[in-house]
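Worksheet: one structure, shown below.
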Amino acid sequence: MTSIERAPFGRTGHESSRVIFGAAALSRVSQERADAVLPILLDHGINHLDTAAGYGDSELRLAPWLARHRSDFFLATKTGERTGDGARAGLERSLERLGVDHVDLIQLHNLVEEEEWATAHGPGGAVAGLAAARDQGLCRFIGVTGHGLRIAGMHLRSLERFDFDSVLLPYNHVLLREDAYRRDVGKLLDLCSERNVAVQTIKAVARRRWDAGFDGPRFSWYDPLPAGDALDRAVRHVLADDRLFLNTSSDLRLLEPILEAAAGARAAGPPSEAEMEADVAAHGMEALFDGGALERI
């Protein structure tokens, strides 16, 4: 089996697999189901886990893996708290749930709303609280994440205020059709390259929001592309930019198709614009966000 290529994760010194396991996929599964995922990750050379305090039971499901394989993974989690005390308490709770004494990366989760941003960056805010926790060895690096079309611009503002080690944002062909978002993403990628800040992407395989009348099972908040050629191209589209890391979907059924597409991405090469547009038409793909009514999840 071909292992997925690795690249420096910003200035952290870690060579991360360019596909990161999005452990939101473990939020509502049994421990038995979660345990079955670990061999799949190891077989493909995945060495980076991304979870969050808000991902249901995800941190708890990772704990048995980490008891046996902590040294095999770069471990990231997130906090939605905006005050320093809250962020510190949230980080300590995550450490307890994960069964570890530190995480490699703690991230401010979805920092996009103006009032929350001001609180997090202000005196006694989460940024200062997490910086203190880093100095005390509870985490090694600090990142910031977010959703929606405003987030690339907000990440640029965040990087003006604090030297974050990583950012995370939505990135796919349909979203990049939006001129303003594409411009902001371009500016963000340039700045991150200059500062050696790692860039993680989400929503690579999103098809659209769920139709209101859909009454089948939902394993992610959006309707993903099915396994097949269009999903392969969506993965290759992200990985064609060597600056980017791709976080896997919260739909666990798509884990192996995504990993297989990523393993063959370098040999297959990037998809063409015409191929991506054909997939949009064939699968009825739509942007998940619009900067307005659809901005919040």
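Each chain in the structure tokens gets a letter, A, B and so on, in the order shown; residues start at 1 in every chain, and ligands are counted from 1 in the order they appear.
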
**Request:** Write down as a PyMOL selection string the residues of range 27-106 of chain A whose backbone DSSP state falls under helix (DSSP H, G or I).
**Result:** chain A and resi 31-35+37-43+58-72+84-98

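Once range 15-29 of chain A and its same-chain neighbours fewer than 3 positions away are set aside, Glu5, Arg6, Ala7, Pro8, Phe9, Ile46, Asn47, His48, Leu49, Asp50, Thr51, Tyr55, Gly56, Asp57, Ser58, Phe245, Leu246, Asn247, Thr248, Ser250, Asp251 and Leu252 of chain A remain within 6 Å of it when counting only C-alpha atoms.
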
Filtered DSSP result for range 214-296 of chain A, state strand (DSSP E or B), as a list in words = Tyr222, Asp223, Pro224, Leu244, Phe245, Leu246 and Asn247 of chain A

Handout entry: Residues near Ala206 in chain A, cut-off 8 Å, only C-alpha atoms, skip fewer than 4 positions along chain, as a PyMOL selection string
Key = chain A and resi 172+222-225+285+288

Could you dump the residues just selected with all heavy atoms as a short mmCIF file (atom, residue, chain, number, x, y, z; two decimals), in the first residue's frame?
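Output below, filename out.cif:
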```cif
data_model
loop_
_atom_site.label_atom_id
_atom_site.label_comp_id
_atom_site.auth_asym_id
_atom_site.auth_seq_id
_atom_site.Cartn_x
_atom_site.Cartn_y
_atom_site.Cartn_z
N ASN A 172 -12.30 24.39 -1.25
CA ASN A 172 -12.67 23.48 -2.33
C ASN A 172 -12.96 24.29 -3.59
O ASN A 172 -13.01 25.54 -3.55
CB ASN A 172 -13.85 22.56 -1.95
CG ASN A 172 -15.13 23.31 -1.64
OD1 ASN A 172 -15.51 24.24 -2.35
ND2 ASN A 172 -15.80 22.91 -0.56
N TYR A 222 -22.90 18.47 6.21
CA TYR A 222 -23.11 18.76 4.79
C TYR A 222 -23.24 17.45 4.02
O TYR A 222 -22.84 16.39 4.49
CB TYR A 222 -21.95 19.59 4.23
CG TYR A 222 -20.61 18.90 4.38
CD1 TYR A 222 -20.14 18.03 3.40
CD2 TYR A 222 -19.82 19.11 5.50
CE1 TYR A 222 -18.93 17.38 3.54
CE2 TYR A 222 -18.60 18.46 5.65
CZ TYR A 222 -18.17 17.60 4.67
OH TYR A 222 -16.97 16.95 4.81
N ASP A 223 -23.78 17.54 2.82
CA ASP A 223 -23.92 16.38 1.93
C ASP A 223 -22.59 16.21 1.18
O ASP A 223 -22.23 17.08 0.38
CB ASP A 223 -25.08 16.65 0.96
CG ASP A 223 -25.35 15.48 0.03
OD1 ASP A 223 -24.69 14.45 0.16
OD2 ASP A 223 -26.24 15.63 -0.84
N PRO A 224 -21.85 15.13 1.41
CA PRO A 224 -20.56 14.98 0.75
C PRO A 224 -20.68 14.32 -0.62
O PRO A 224 -21.70 13.69 -0.94
CB PRO A 224 -19.80 14.07 1.71
CG PRO A 224 -20.87 13.20 2.28
CD PRO A 224 -22.11 14.06 2.39
N LEU A 225 -19.64 14.45 -1.39
CA LEU A 225 -19.55 13.70 -2.63
C LEU A 225 -19.47 12.21 -2.31
O LEU A 225 -18.87 11.81 -1.31
CB LEU A 225 -18.30 14.10 -3.41
CG LEU A 225 -18.29 15.49 -4.05
CD1 LEU A 225 -16.88 15.85 -4.51
CD2 LEU A 225 -19.27 15.56 -5.23
N MET A 285 -23.24 20.48 -7.29
CA MET A 285 -22.46 21.04 -6.18
C MET A 285 -22.78 22.52 -5.98
O MET A 285 -22.98 23.26 -6.94
CB MET A 285 -20.96 20.83 -6.45
CG MET A 285 -20.57 19.37 -6.53
SD MET A 285 -18.85 19.10 -7.05
CE MET A 285 -17.98 19.69 -5.60
N LEU A 288 -21.06 25.92 0.33
CA LEU A 288 -21.65 25.73 1.65
C LEU A 288 -21.92 27.06 2.35
O LEU A 288 -22.75 27.13 3.26
CB LEU A 288 -20.71 24.90 2.53
CG LEU A 288 -20.42 23.47 2.11
CD1 LEU A 288 -19.45 22.83 3.10
CD2 LEU A 288 -21.71 22.66 2.02
#
```

From the list A:Glu194, A:Asp184, A:Glu295, A:Glu277, the nearest residue to Arg233 in chain A using only C-alpha atoms is A:Glu277

Close residues, Val235 in chain A itself excluded, 12 Å, only C-alpha atoms, min 2 positions apart in chain, as an NGL selection string:
:A and (18-19 or 171-173 or 201-206 or 225 or 227-233 or 237-241 or 244-249 or 254-255 or 257-266 or 268-271 or 276)

Worksheet item: Arg140 in chain A: which residues within 12 Å, counting only C-alpha atoms, same-chain residues fewer than 5 positions away excluded, as a list in words?
Response: Arg11, Thr12, Gly13, His14, Phe74, Leu75, Ala76, Thr77, Asp101, His102, Val103, Asp104, Leu105, Ile106, Gln107, Leu130, Ala131, Ala132, Ala133, Arg134, Asp135, Phe164, Asp165 and Ser166 of chain A
